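Text of my_file_12.cif, listed as mmCIF, C-alpha atoms and all ligand atoms:
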```cif
data_structure
#
loop_
_atom_site.label_atom_id
_atom_site.label_comp_id
_atom_site.auth_asym_id
_atom_site.auth_seq_id
_atom_site.Cartn_x
_atom_site.Cartn_y
_atom_site.Cartn_z
CA MET Y 28 105.52 9.10 -117.39
CA ASN Y 29 107.35 7.36 -120.22
CA TYR Y 30 110.99 6.80 -119.31
CA ASN Y 31 111.91 5.16 -122.60
CA LYS Y 32 113.75 8.16 -124.00
CA MET Y 33 116.06 8.59 -126.97
CA THR Y 34 119.71 8.80 -126.00
CA VAL Y 35 122.97 10.15 -127.43
CA ASP Y 36 123.31 6.80 -129.21
CA ASP Y 37 120.25 7.68 -131.31
CA LEU Y 38 121.80 10.90 -132.66
CA ALA Y 39 123.54 11.22 -136.00
CA ALA Y 40 125.81 13.77 -134.40
CA LYS Y 41 128.81 13.86 -136.74
CA GLY Y 42 129.51 17.42 -137.80
CA ARG Y 43 126.45 18.67 -135.91
CA ARG Y 44 126.43 21.09 -133.02
CA VAL Y 45 125.11 19.44 -129.87
CA LEU Y 46 124.13 21.44 -126.79
CA VAL Y 47 124.64 19.35 -123.65
CA ARG Y 48 123.19 20.43 -120.29
CA CYS Y 49 125.54 19.11 -117.61
CA ASP Y 50 125.55 19.44 -113.85
CA PHE Y 51 128.89 21.13 -113.19
CA ASN Y 52 127.68 22.64 -109.91
CA VAL Y 53 130.85 21.56 -108.08
CA PRO Y 54 131.89 22.54 -104.55
CA GLN Y 55 134.72 25.12 -104.39
CA ASP Y 56 136.91 26.56 -101.65
CA ASP Y 57 137.23 30.30 -100.92
CA SER Y 58 139.84 30.69 -103.66
CA GLY Y 59 137.60 29.03 -106.24
CA ASN Y 60 139.49 25.72 -106.33
CA ILE Y 61 137.27 22.72 -107.03
CA THR Y 62 137.20 20.56 -103.90
CA ASP Y 63 135.35 17.60 -105.45
CA ASP Y 64 135.27 17.00 -109.22
CA LYS Y 65 132.86 14.04 -109.06
CA ARG Y 66 130.15 15.83 -111.04
CA ILE Y 67 132.59 16.68 -113.82
CA ARG Y 68 133.83 13.08 -113.96
CA GLU Y 69 130.27 11.77 -114.10
CA SER Y 70 129.54 13.79 -117.22
CA LEU Y 71 132.58 12.43 -119.10
CA PRO Y 72 130.98 9.33 -120.74
CA THR Y 73 128.38 11.42 -122.59
CA ILE Y 74 130.88 14.10 -123.62
CA ARG Y 75 133.41 11.51 -124.77
CA ALA Y 76 130.76 9.64 -126.79
CA LEU Y 77 129.85 12.86 -128.60
CA ILE Y 78 133.49 13.72 -129.28
CA GLU Y 79 134.03 10.23 -130.68
CA GLN Y 80 130.97 10.63 -132.91
CA GLY Y 81 132.60 13.79 -134.31
CA ALA Y 82 130.00 16.17 -132.85
CA ARG Y 83 130.75 19.84 -132.16
CA VAL Y 84 130.07 19.82 -128.47
CA ILE Y 85 128.59 22.85 -126.67
CA LEU Y 86 128.34 22.37 -122.92
CA CYS Y 87 126.30 24.41 -120.47
CA SER Y 88 125.63 24.31 -116.73
CA HIS Y 89 124.84 26.41 -113.71
CA LEU Y 90 127.25 26.93 -110.81
CA GLY Y 91 126.12 28.29 -107.45
CA ARG Y 92 123.57 31.07 -107.17
CA PRO Y 93 124.70 34.14 -109.11
CA LYS Y 94 121.11 35.44 -108.97
CA GLY Y 95 120.73 36.30 -112.62
CA GLU Y 96 123.80 38.55 -112.91
CA PHE Y 97 127.27 38.17 -114.40
CA ASN Y 98 129.46 37.55 -111.37
CA MET Y 99 132.88 36.05 -112.03
CA LYS Y 100 132.90 34.44 -108.57
CA TYR Y 101 130.56 31.92 -110.20
CA SER Y 102 132.44 31.62 -113.50
CA LEU Y 103 132.77 28.15 -115.00
CA ALA Y 104 136.46 28.84 -115.76
CA PRO Y 105 137.72 26.35 -113.10
CA VAL Y 106 135.37 23.73 -114.57
CA ALA Y 107 136.68 24.33 -118.11
CA LYS Y 108 140.23 23.85 -116.83
CA ARG Y 109 139.46 20.66 -114.91
CA LEU Y 110 137.34 19.24 -117.73
CA SER Y 111 140.11 19.91 -120.19
CA GLU Y 112 142.58 17.98 -117.97
CA LEU Y 113 140.18 15.04 -117.66
CA LEU Y 114 139.40 14.91 -121.38
CA GLU Y 115 143.04 15.58 -122.28
CA LYS Y 116 141.69 18.02 -124.79
CA GLU Y 117 141.18 21.77 -125.03
CA VAL Y 118 137.85 23.03 -123.69
CA VAL Y 119 137.18 26.54 -124.99
CA LEU Y 120 135.34 28.74 -122.47
CA ALA Y 121 132.93 31.30 -123.89
CA GLY Y 122 132.93 34.66 -122.10
CA ASP Y 123 129.13 34.73 -122.07
CA VAL Y 124 126.11 32.47 -122.43
CA ILE Y 125 124.13 33.59 -125.49
CA GLY Y 126 126.17 36.69 -126.40
CA GLU Y 127 128.56 37.45 -129.25
CA ASP Y 128 131.44 35.50 -127.75
CA ALA Y 129 129.34 32.33 -127.27
CA LYS Y 130 127.95 32.62 -130.78
CA ALA Y 131 131.39 33.12 -132.32
CA LYS Y 132 133.09 30.35 -130.35
CA THR Y 133 130.34 27.78 -130.94
CA ALA Y 134 130.17 28.66 -134.64
CA ALA Y 135 133.94 28.16 -134.94
CA LEU Y 136 133.90 24.64 -133.47
CA LYS Y 137 135.24 21.86 -135.66
CA ASP Y 138 134.20 18.20 -135.46
CA GLY Y 139 135.12 16.70 -132.07
CA GLU Y 140 135.86 20.09 -130.44
CA VAL Y 141 134.36 21.27 -127.17
CA CYS Y 142 133.14 24.69 -125.99
CA LEU Y 143 131.73 25.45 -122.54
CA LEU Y 144 129.29 28.35 -122.24
CA GLU Y 145 129.45 30.57 -119.17
CA ASN Y 146 127.14 29.95 -116.19
CA VAL Y 147 123.54 29.82 -117.49
CA ARG Y 148 122.33 31.38 -114.25
CA PHE Y 149 124.11 34.63 -115.15
CA HIS Y 150 120.74 35.26 -116.85
CA ALA Y 151 117.62 35.52 -114.69
CA GLU Y 152 115.72 34.15 -117.69
CA GLU Y 153 117.27 30.72 -117.09
CA GLU Y 154 115.33 29.91 -113.92
CA LYS Y 155 112.21 31.60 -115.31
CA ASN Y 156 112.31 29.19 -118.24
CA ASP Y 157 112.06 32.20 -120.53
CA SER Y 158 111.20 31.10 -124.03
CA ASP Y 159 113.36 33.70 -125.84
CA PHE Y 160 116.38 32.76 -123.74
CA ALA Y 161 115.79 29.05 -124.40
CA LYS Y 162 115.50 29.83 -128.11
CA SER Y 163 118.79 31.76 -128.07
CA LEU Y 164 120.51 28.74 -126.55
CA ALA Y 165 118.86 26.46 -129.10
CA LEU Y 166 119.93 28.64 -132.04
CA MET Y 167 123.57 27.74 -131.37
CA ALA Y 168 122.91 24.00 -131.82
CA ASP Y 169 121.27 21.27 -133.91
CA PHE Y 170 120.52 18.83 -131.08
CA TYR Y 171 119.97 19.02 -127.34
CA VAL Y 172 121.18 16.47 -124.78
CA ASN Y 173 120.16 16.67 -121.13
CA ASP Y 174 122.57 14.90 -118.81
CA ALA Y 175 121.98 16.95 -115.64
CA PHE Y 176 119.88 14.68 -113.42
CA GLY Y 177 120.51 16.97 -110.43
CA THR Y 178 118.38 19.70 -112.04
CA ALA Y 179 115.95 17.45 -113.95
CA HIS Y 180 113.17 18.30 -111.47
CA ARG Y 181 113.44 21.98 -112.45
CA ALA Y 182 111.75 23.43 -115.52
CA HIS Y 183 114.45 25.94 -116.47
CA ALA Y 184 115.40 27.20 -119.93
CA SER Y 185 118.50 25.00 -120.24
CA THR Y 186 116.93 21.95 -118.56
CA ALA Y 187 113.56 21.88 -120.31
CA GLY Y 188 112.65 24.99 -122.32
CA VAL Y 189 115.34 24.44 -124.95
CA ALA Y 190 113.73 21.10 -125.88
CA ASN Y 191 110.85 23.06 -127.44
CA PHE Y 192 113.24 24.14 -130.20
CA LEU Y 193 115.55 21.16 -130.79
CA PRO Y 194 115.40 17.37 -131.07
CA ALA Y 195 116.11 16.37 -127.45
CA VAL Y 196 117.64 13.20 -126.00
CA CYS Y 197 119.15 12.09 -122.70
CA GLY Y 198 122.80 11.55 -121.88
CA TYR Y 199 124.14 8.40 -120.23
CA LEU Y 200 123.90 9.78 -116.69
CA ILE Y 201 120.19 10.50 -116.91
CA LYS Y 202 119.63 7.24 -118.76
CA LYS Y 203 121.30 5.29 -115.95
CA GLU Y 204 119.22 7.09 -113.30
CA ILE Y 205 115.89 6.47 -115.00
CA ASP Y 206 116.72 2.90 -115.96
CA ILE Y 207 117.75 1.83 -112.46
CA MET Y 208 115.26 3.82 -110.42
CA GLY Y 209 112.46 3.27 -112.94
CA ARG Y 210 112.99 -0.50 -112.83
CA ALA Y 211 113.14 -0.51 -109.04
CA LEU Y 212 109.76 1.22 -108.85
CA SER Y 213 107.98 -0.59 -111.66
CA ASP Y 214 109.33 -4.12 -111.26
CA PRO Y 215 111.18 -4.44 -107.94
CA LYS Y 216 112.78 -7.59 -106.69
CA ARG Y 217 110.85 -8.25 -103.46
CA PRO Y 218 110.75 -7.73 -100.59
CA PHE Y 219 110.95 -4.07 -101.57
CA VAL Y 220 112.16 -1.96 -98.63
CA ALA Y 221 112.18 1.85 -98.48
CA ILE Y 222 114.26 3.54 -95.79
CA LEU Y 223 113.35 7.15 -95.11
CA GLY Y 224 115.12 9.42 -92.68
CA GLY Y 225 116.18 13.03 -92.36
CA SER Y 226 114.73 15.98 -90.61
CA LYS Y 227 111.21 16.58 -91.81
CA VAL Y 228 108.10 14.56 -92.56
CA SER Y 229 106.81 17.57 -94.48
CA ASP Y 230 109.64 17.24 -97.05
CA LYS Y 231 108.82 13.58 -97.67
CA ILE Y 232 105.03 13.50 -97.45
CA GLY Y 233 104.55 12.77 -101.15
CA VAL Y 234 107.30 10.15 -101.16
CA ILE Y 235 105.92 8.25 -98.17
CA ASN Y 236 102.42 8.30 -99.61
CA HIS Y 237 103.57 7.10 -103.04
CA LEU Y 238 105.94 4.44 -101.72
CA LEU Y 239 103.22 2.95 -99.51
CA ASP Y 240 101.54 1.83 -102.75
CA LEU Y 241 104.69 0.08 -103.95
CA VAL Y 242 106.80 -1.32 -101.12
CA ASP Y 243 106.54 -4.21 -98.67
CA ILE Y 244 108.36 -2.50 -95.81
CA ILE Y 245 108.95 1.15 -94.88
CA ILE Y 246 111.71 1.83 -92.38
CA ILE Y 247 111.63 5.24 -90.73
CA GLY Y 248 114.49 6.95 -88.93
CA GLY Y 249 115.87 10.43 -88.31
CA ALA Y 250 113.92 13.24 -86.71
CA MET Y 251 110.83 12.43 -88.71
CA ALA Y 252 110.39 9.21 -86.74
CA TYR Y 253 109.37 11.31 -83.73
CA THR Y 254 106.42 12.89 -85.54
CA PHE Y 255 105.24 9.34 -86.33
CA LEU Y 256 105.84 8.10 -82.79
CA LYS Y 257 104.03 11.06 -81.20
CA SER Y 258 101.09 10.66 -83.59
CA TRP Y 259 100.63 7.16 -82.17
CA GLY Y 260 100.77 8.31 -78.57
CA GLY Y 261 104.48 7.96 -77.89
CA ASN Y 262 106.41 10.09 -75.43
CA ILE Y 263 109.17 11.70 -77.44
CA GLY Y 264 110.59 14.07 -74.82
CA ALA Y 265 112.21 17.12 -76.43
CA SER Y 266 112.79 15.38 -79.79
CA ARG Y 267 112.22 17.35 -82.94
CA CYS Y 268 108.59 17.01 -84.05
CA GLU Y 269 106.28 18.61 -86.58
CA ASP Y 270 103.05 19.00 -84.65
CA ASP Y 271 101.20 20.19 -87.74
CA ARG Y 272 101.96 16.83 -89.42
CA LEU Y 273 100.75 14.51 -86.65
CA GLU Y 274 97.45 13.87 -88.38
CA TYR Y 275 99.23 13.05 -91.63
CA ALA Y 276 101.68 10.70 -89.90
CA ARG Y 277 98.74 8.91 -88.27
CA GLU Y 278 97.02 8.57 -91.63
CA MET Y 279 100.17 7.03 -93.09
CA ILE Y 280 100.38 4.50 -90.27
CA ILE Y 281 96.76 3.54 -90.97
CA LYS Y 282 97.37 3.42 -94.72
CA ALA Y 283 100.34 1.11 -94.12
CA LYS Y 284 98.17 -1.24 -92.06
CA GLU Y 285 95.48 -1.25 -94.78
CA LYS Y 286 98.05 -1.91 -97.50
CA LYS Y 287 99.74 -4.57 -95.37
CA VAL Y 288 103.01 -2.64 -95.57
CA ASN Y 289 105.21 -3.19 -92.55
CA LEU Y 290 105.96 0.36 -91.30
CA LEU Y 291 108.85 0.17 -88.85
CA LEU Y 292 109.67 2.88 -86.33
CA PRO Y 293 112.70 3.03 -84.02
CA ILE Y 294 112.37 1.00 -80.83
CA ASP Y 295 115.29 2.65 -79.04
CA HIS Y 296 116.91 6.04 -79.30
CA VAL Y 297 120.27 7.62 -78.59
CA CYS Y 298 119.30 10.85 -76.86
CA ALA Y 299 120.89 14.03 -75.53
CA ARG Y 300 119.75 16.99 -73.49
CA ALA Y 301 121.28 19.43 -75.99
CA PHE Y 302 121.70 19.53 -79.76
CA SER Y 303 125.47 19.48 -79.61
CA PRO Y 304 128.30 17.22 -80.86
CA ASP Y 305 129.65 16.56 -77.38
CA ALA Y 306 126.38 16.31 -75.47
CA GLU Y 307 126.18 13.32 -73.13
CA ALA Y 308 124.39 10.47 -74.95
CA VAL Y 309 121.90 8.17 -73.22
CA THR Y 310 119.87 5.40 -74.87
CA PHE Y 311 116.16 5.10 -74.10
CA THR Y 312 114.15 2.05 -75.10
CA SER Y 313 110.55 2.13 -76.27
CA VAL Y 314 107.73 -0.24 -75.42
CA SER Y 315 105.73 -0.96 -78.57
CA THR Y 316 105.38 2.36 -80.38
CA CYS Y 317 105.19 4.25 -77.08
CA THR Y 318 108.68 5.57 -76.66
CA GLY Y 319 110.25 5.90 -73.33
CA ILE Y 320 112.15 9.12 -73.96
CA GLU Y 321 112.14 11.14 -70.77
CA ASP Y 322 111.18 14.81 -70.68
CA GLY Y 323 114.05 17.11 -71.55
CA TRP Y 324 115.85 14.51 -73.72
CA MET Y 325 115.84 14.54 -77.50
CA GLY Y 326 116.32 11.57 -79.82
CA LEU Y 327 119.31 12.21 -82.08
CA ASP Y 328 119.94 8.72 -83.47
CA ILE Y 329 118.42 5.26 -83.68
CA GLY Y 330 119.62 2.93 -80.92
CA PRO Y 331 121.36 -0.48 -81.13
CA LEU Y 332 118.16 -2.59 -80.97
CA THR Y 333 116.68 -0.61 -83.85
CA ARG Y 334 119.88 -1.03 -85.87
CA THR Y 335 119.67 -4.81 -85.43
CA LEU Y 336 115.97 -4.85 -86.38
CA TYR Y 337 116.54 -2.72 -89.47
CA ASP Y 338 119.62 -4.75 -90.44
CA LYS Y 339 117.58 -7.95 -90.62
CA HIS Y 340 115.02 -6.43 -92.99
CA ILE Y 341 117.69 -4.83 -95.16
CA LYS Y 342 119.63 -8.10 -95.45
CA ASP Y 343 116.46 -10.04 -96.39
CA ALA Y 344 115.37 -7.46 -98.97
CA GLY Y 345 115.31 -7.85 -102.76
CA THR Y 346 115.39 -4.10 -103.37
CA VAL Y 347 116.24 -1.25 -100.98
CA VAL Y 348 115.79 2.46 -101.63
CA TRP Y 349 117.30 4.79 -99.02
CA ASN Y 350 116.83 8.52 -98.59
CA GLY Y 351 117.76 10.49 -95.48
CA PRO Y 352 120.07 9.83 -92.51
CA MET Y 353 118.93 7.90 -89.42
CA GLY Y 354 120.22 10.54 -87.02
CA VAL Y 355 122.36 13.63 -86.68
CA PHE Y 356 125.21 11.96 -88.53
CA GLU Y 357 127.19 15.22 -88.68
CA PHE Y 358 127.93 14.64 -84.95
CA ASP Y 359 130.13 11.57 -84.55
CA ARG Y 360 128.38 10.52 -81.36
CA PHE Y 361 125.05 10.34 -83.19
CA ALA Y 362 126.26 8.92 -86.51
CA GLU Y 363 126.24 5.24 -85.55
CA GLY Y 364 122.67 4.55 -86.76
CA THR Y 365 123.34 6.01 -90.21
CA ARG Y 366 126.67 4.14 -90.33
CA ALA Y 367 124.96 0.86 -89.37
CA VAL Y 368 122.27 1.21 -92.04
CA ALA Y 369 124.93 2.02 -94.65
CA LEU Y 370 126.83 -1.13 -93.62
CA SER Y 371 123.65 -3.25 -93.76
CA LEU Y 372 123.07 -2.04 -97.30
CA ALA Y 373 126.69 -2.72 -98.27
CA GLU Y 374 126.41 -6.28 -96.95
CA SER Y 375 122.94 -6.95 -98.38
CA GLY Y 376 122.49 -8.93 -101.58
CA ALA Y 377 119.61 -6.63 -102.51
CA VAL Y 378 119.55 -4.09 -105.33
CA THR Y 379 120.54 -1.02 -103.31
CA ILE Y 380 119.63 2.48 -104.44
CA ILE Y 381 120.72 5.58 -102.57
CA GLY Y 382 118.74 8.77 -103.20
CA GLY Y 383 121.25 11.64 -103.39
CA GLY Y 384 121.92 14.22 -100.69
CA ASP Y 385 122.91 13.26 -97.16
CA SER Y 386 122.55 9.50 -97.53
CA ALA Y 387 124.78 9.54 -100.61
CA ALA Y 388 127.32 11.68 -98.73
CA ALA Y 389 127.21 9.29 -95.75
CA VAL Y 390 127.73 6.22 -97.93
CA GLU Y 391 130.66 7.87 -99.67
CA GLN Y 392 132.27 9.15 -96.46
CA LEU Y 393 132.08 5.64 -95.02
CA GLY Y 394 133.75 4.15 -98.08
CA PHE Y 395 130.76 1.96 -99.07
CA ALA Y 396 129.97 3.74 -102.34
CA ASP Y 397 131.27 0.97 -104.59
CA ARG Y 398 129.18 -1.61 -102.72
CA MET Y 399 125.86 0.03 -103.66
CA SER Y 400 124.01 -0.78 -106.89
CA HIS Y 401 123.30 2.87 -107.57
CA ILE Y 402 123.91 6.22 -105.91
CA SER Y 403 121.70 8.88 -107.44
CA THR Y 404 123.38 12.11 -108.52
CA GLY Y 405 120.33 14.21 -107.62
CA GLY Y 406 118.88 14.61 -104.12
CA GLY Y 407 115.79 16.66 -104.97
CA ALA Y 408 115.35 14.98 -108.34
CA SER Y 409 115.53 11.44 -106.95
CA LEU Y 410 113.01 12.33 -104.22
CA GLU Y 411 110.59 13.64 -106.84
CA PHE Y 412 111.21 10.51 -108.90
CA LEU Y 413 110.39 8.32 -105.89
CA GLU Y 414 107.29 10.43 -105.37
CA GLY Y 415 106.12 9.43 -108.84
CA LEU Y 416 106.23 13.03 -110.11
CA GLU Y 417 107.00 13.93 -113.68
CA LEU Y 418 110.49 15.48 -113.95
CA PRO Y 419 110.35 18.33 -116.51
CA GLY Y 420 113.98 17.80 -117.60
CA ILE Y 421 113.13 14.23 -118.59
CA ALA Y 422 109.52 14.65 -119.73
CA CYS Y 423 110.72 17.15 -122.38
CA LEU Y 424 112.97 14.59 -124.09
CA ASN Y 425 111.94 12.67 -127.23
CA ASP Y 426 110.43 9.25 -126.63
CA LYS Y 427 112.03 6.26 -128.35
P1 LIG Q 501 117.02 15.90 -94.77
O1 LIG Q 501 117.64 17.10 -95.42
O2 LIG Q 501 115.55 16.00 -94.58
O3 LIG Q 501 117.44 14.60 -95.42
O4 LIG Q 501 117.59 15.87 -93.30
C1 LIG Q 501 118.93 15.70 -92.99
C2 LIG Q 501 119.20 16.29 -91.66
O5 LIG Q 501 118.39 15.66 -90.69
C3 LIG Q 501 120.62 16.09 -91.22
O6 LIG Q 501 121.26 17.33 -91.18
C4 LIG Q 501 120.50 15.47 -89.84
O7 LIG Q 501 121.36 16.04 -88.89
C5 LIG Q 501 119.06 15.77 -89.47
N1 LIG Q 501 118.54 14.81 -88.49
C6 LIG Q 501 118.50 13.47 -88.61
N2 LIG Q 501 118.01 12.92 -87.50
C7 LIG Q 501 117.74 13.91 -86.63
C8 LIG Q 501 117.23 13.96 -85.32
N3 LIG Q 501 116.87 12.84 -84.68
N4 LIG Q 501 117.07 15.18 -84.74
C9 LIG Q 501 117.42 16.31 -85.40
N5 LIG Q 501 117.91 16.33 -86.66
C10 LIG Q 501 118.08 15.15 -87.27
#
```

Would it be possible to restate this file's structure as structure tokens?
Amino acid sequence: MNYNKMTVDDLAAKGRRVLVRCDFNVPQDDSGNITDDKRIRESLPTIRALIEQGARVILCSHLGRPKGEFNMKYSLAPVAKRLSELLEKEVVLAGDVIGEDAKAKTAALKDGEVCLLENVRFHAEEEKNDSDFAKSLALMADFYVNDAFGTAHRAHASTAGVANFLPAVCGYLIKKEIDIMGRALSDPKRPFVAILGGSKVSDKIGVINHLLDLVDIIIIGGAMAYTFLKSWGGNIGASRCEDDRLEYAREMIIKAKEKKVNLLLPIDHVCARAFSPDAEAVTFTSVSTCTGIEDGWMGLDIGPLTRTLYDKHIKDAGTVVWNGPMGVFEFDRFAEGTRAVALSLAESGAVTIIGGGDSAAAVEQLGFADRMSHISTGGGASLEFLEGLELPGIACLNDK
């Protein structure tokens, strides 16, 4: 896939109406207050650039899962308010998405003014990538900008379909994601280390397979390590395991050997008898790949020897990509492995890239965010990117 896409800098946007797909899917409390405005802040550079160019800016986004119906619980009104505060400028909220109010308010925009359409997922046609719906969105604008990396792996009307009807470019957020992650995959500083954790091998099959062609070292942690360990004859006790993926895990271990990729599995494990935050924790040590976890105990985190082993490889790396926690980091007692890996990355001189989701949340919670080279804004999208898949929300944009 060609990642050399046109950007907002390539638009002659003055006086033109520009439809910008943002990711304003912010967390809210029960009263609808925004509890974290990070996603709104991240979209500011693109919006500000368009305002400065004198564009008439039309913003759209989804929020939550309104299931294709108008439901004011999922209204973008709180986003319009917060965005207006951040921009120090009025943001007009349309009462609908492609209806009379949206048409009237977008038509009335003057140069440098901003209108936010209501939640695009109030229409079921959005997620179906319905062509008529995409066309209705496009009819309100002269140009399309996609800046929602978090939904770039979805072919929806506002993330991809609309590009069939308008000149389409990327915003700064998407540009940053594809520049940094694209460079890491195509021309990494070596050694190139991938760290994969989380709950399921099945979610990351494509990623593991693709990365084995690119990296020098793969570090595995989290529950998925136990599927790998069992596939190689290890005793994993009551640890979480996907028995229907044992064959695949074995194939990946063999592929790693053939490709001369160093595939590292945990050598010790912090275990408990119950999946509970205050379960008694005992560390079992493995011999070679054969783990020594006793029956009835489940591995919930990587142990101290593993942390030291992984730390050395992370510190010596040229590039590190990390996706997925090393253990059940939601339970304090089993968060140490994830914390240790985050610290190793923070202290490493490598280019460090955090795929979104849990690893991004962990890095932020621990206060290491500003010590990483890049934290992706899209969990699913960054995984698909690492898998080498074409992201529809990026593929649809005009090449340079
Ligand atoms: P994922 O969504 O695949 O990145 O997985 C993240 C989830 O994996 C987190 O909620 C962790 O609690 C969970 N997880 C990580 N390690 C383990 C483990 N050893 N056993 C059970 N769950 C785990």

- Collect all residues with atoms no farther than 10 Å from ligand LIG 501 (chain Q), counting only C-alpha atoms and all ligand atoms, and output them as a PyMOL selection string. chain Y and resi 223-231+248-253+265-268+296-298+302+325-329+350-358+361-362+364-365+382-386+406-407

For those residues, write C-alpha atoms to a file as a PDB file, keeping the file's coordinate frame.
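Written output follows (again-v4.pdb):
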```pdb
ATOM      1  CA  LEU Y 223     113.350   7.150 -95.110  1.00  0.00           C
ATOM      2  CA  GLY Y 224     115.120   9.420 -92.680  1.00  0.00           C
ATOM      3  CA  GLY Y 225     116.180  13.030 -92.360  1.00  0.00           C
ATOM      4  CA  SER Y 226     114.730  15.980 -90.610  1.00  0.00           C
ATOM      5  CA  LYS Y 227     111.210  16.580 -91.810  1.00  0.00           C
ATOM      6  CA  VAL Y 228     108.100  14.560 -92.560  1.00  0.00           C
ATOM      7  CA  SER Y 229     106.810  17.570 -94.480  1.00  0.00           C
ATOM      8  CA  ASP Y 230     109.640  17.240 -97.050  1.00  0.00           C
ATOM      9  CA  LYS Y 231     108.820  13.580 -97.670  1.00  0.00           C
ATOM     10  CA  GLY Y 248     114.490   6.950 -88.930  1.00  0.00           C
ATOM     11  CA  GLY Y 249     115.870  10.430 -88.310  1.00  0.00           C
ATOM     12  CA  ALA Y 250     113.920  13.240 -86.710  1.00  0.00           C
ATOM     13  CA  MET Y 251     110.830  12.430 -88.710  1.00  0.00           C
ATOM     14  CA  ALA Y 252     110.390   9.210 -86.740  1.00  0.00           C
ATOM     15  CA  TYR Y 253     109.370  11.310 -83.730  1.00  0.00           C
ATOM     16  CA  ALA Y 265     112.210  17.120 -76.430  1.00  0.00           C
ATOM     17  CA  SER Y 266     112.790  15.380 -79.790  1.00  0.00           C
ATOM     18  CA  ARG Y 267     112.220  17.350 -82.940  1.00  0.00           C
ATOM     19  CA  CYS Y 268     108.590  17.010 -84.050  1.00  0.00           C
ATOM     20  CA  HIS Y 296     116.910   6.040 -79.300  1.00  0.00           C
ATOM     21  CA  VAL Y 297     120.270   7.620 -78.590  1.00  0.00           C
ATOM     22  CA  CYS Y 298     119.300  10.850 -76.860  1.00  0.00           C
ATOM     23  CA  PHE Y 302     121.700  19.530 -79.760  1.00  0.00           C
ATOM     24  CA  MET Y 325     115.840  14.540 -77.500  1.00  0.00           C
ATOM     25  CA  GLY Y 326     116.320  11.570 -79.820  1.00  0.00           C
ATOM     26  CA  LEU Y 327     119.310  12.210 -82.080  1.00  0.00           C
ATOM     27  CA  ASP Y 328     119.940   8.720 -83.470  1.00  0.00           C
ATOM     28  CA  ILE Y 329     118.420   5.260 -83.680  1.00  0.00           C
ATOM     29  CA  ASN Y 350     116.830   8.520 -98.590  1.00  0.00           C
ATOM     30  CA  GLY Y 351     117.760  10.490 -95.480  1.00  0.00           C
ATOM     31  CA  PRO Y 352     120.070   9.830 -92.510  1.00  0.00           C
ATOM     32  CA  MET Y 353     118.930   7.900 -89.420  1.00  0.00           C
ATOM     33  CA  GLY Y 354     120.220  10.540 -87.020  1.00  0.00           C
ATOM     34  CA  VAL Y 355     122.360  13.630 -86.680  1.00  0.00           C
ATOM     35  CA  PHE Y 356     125.210  11.960 -88.530  1.00  0.00           C
ATOM     36  CA  GLU Y 357     127.190  15.220 -88.680  1.00  0.00           C
ATOM     37  CA  PHE Y 358     127.930  14.640 -84.950  1.00  0.00           C
ATOM     38  CA  PHE Y 361     125.050  10.340 -83.190  1.00  0.00           C
ATOM     39  CA  ALA Y 362     126.260   8.920 -86.510  1.00  0.00           C
ATOM     40  CA  GLY Y 364     122.670   4.550 -86.760  1.00  0.00           C
ATOM     41  CA  THR Y 365     123.340   6.010 -90.210  1.00  0.00           C
ATOM     42  CA  GLY Y 382     118.740   8.770-103.200  1.00  0.00           C
ATOM     43  CA  GLY Y 383     121.250  11.640-103.390  1.00  0.00           C
ATOM     44  CA  GLY Y 384     121.920  14.220-100.690  1.00  0.00           C
ATOM     45  CA  ASP Y 385     122.910  13.260 -97.160  1.00  0.00           C
ATOM     46  CA  SER Y 386     122.550   9.500 -97.530  1.00  0.00           C
ATOM     47  CA  GLY Y 406     118.880  14.610-104.120  1.00  0.00           C
ATOM     48  CA  GLY Y 407     115.790  16.660-104.970  1.00  0.00           C
TER      49      GLY Y 407
END
```

- Item | For Leu90 of chain Y, the nearest of the candidates Y:Arg366, Y:Lys130, Y:Arg148, Y:Arg272, counting all atoms listed in the file | Y:Arg148

- State, in Å with one decimal place, the distance from atom CA of Val45 of chain Y to atom CA of Cys197 of chain Y.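 Result for atom CA of Val45 of chain Y versus atom CA of Cys197 of chain Y: 11.9 Å, one decimal.
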
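Checking Y:Ser163, Y:Ser303, Y:Thr333, Y:Asn156 one by one against Gly188 of chain Y, counting only C-alpha atoms, you find the shortest gap at Y:Asn156.
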
- Task: Return the single residue from Y:Glu363, Y:Glu152, Y:Asp343, Y:Glu79 that is closest to Lys216 of chain Y, with distances computed using all atoms listed in the file.
- Result: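 Result for the nearest residue to Lys216 of chain Y: Y:Asp343.
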
- Selection near Val347 of chain Y, 6 Å with only C-alpha atoms, sequence-local residues under 4 positions removed, as a PyMOL selection string: chain Y and resi 220-221+379

- Query: Using only C-alpha atoms, which residue out of Y:Ala107, Y:Ile320, Y:Val242, Y:Ala165 lies closest to Gly261 of chain Y?
  - Reply: Y:Ile320

- Message: Residues near Asn173 of chain Y, anyone? I mean within 12 Å using all atoms listed in the file, not counting same-chain ones fewer than 4 positions away, as a PyMOL selection string.
- Response: chain Y and resi 32-35+45-50+70+73-74+85-88+177-179+183-190+193-202+419-425

- Which residue gives the smallest distance to Gly345 of chain Y among Y:Tyr30, Y:Phe395, Y:Trp324, Y:Phe219, with all atoms listed in the file counted?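 When distances to Gly345 of chain Y are compared using all atoms listed in the file, the smallest one comes from Y:Phe219.
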
- Task: Would you mind reading off the distance between atom CA of Ile294 of chain Y and atom CA of Ser313 of chain Y, one decimal, in Å?
- Result: 5.0 Å

- Query: Contacts of Val84 of chain Y at 6 Å or less, counting all atoms listed in the file, minus same-chain residues fewer than 2 places along, as number ranges by chain?
  - Reply: Y: 44-45, 82, 141
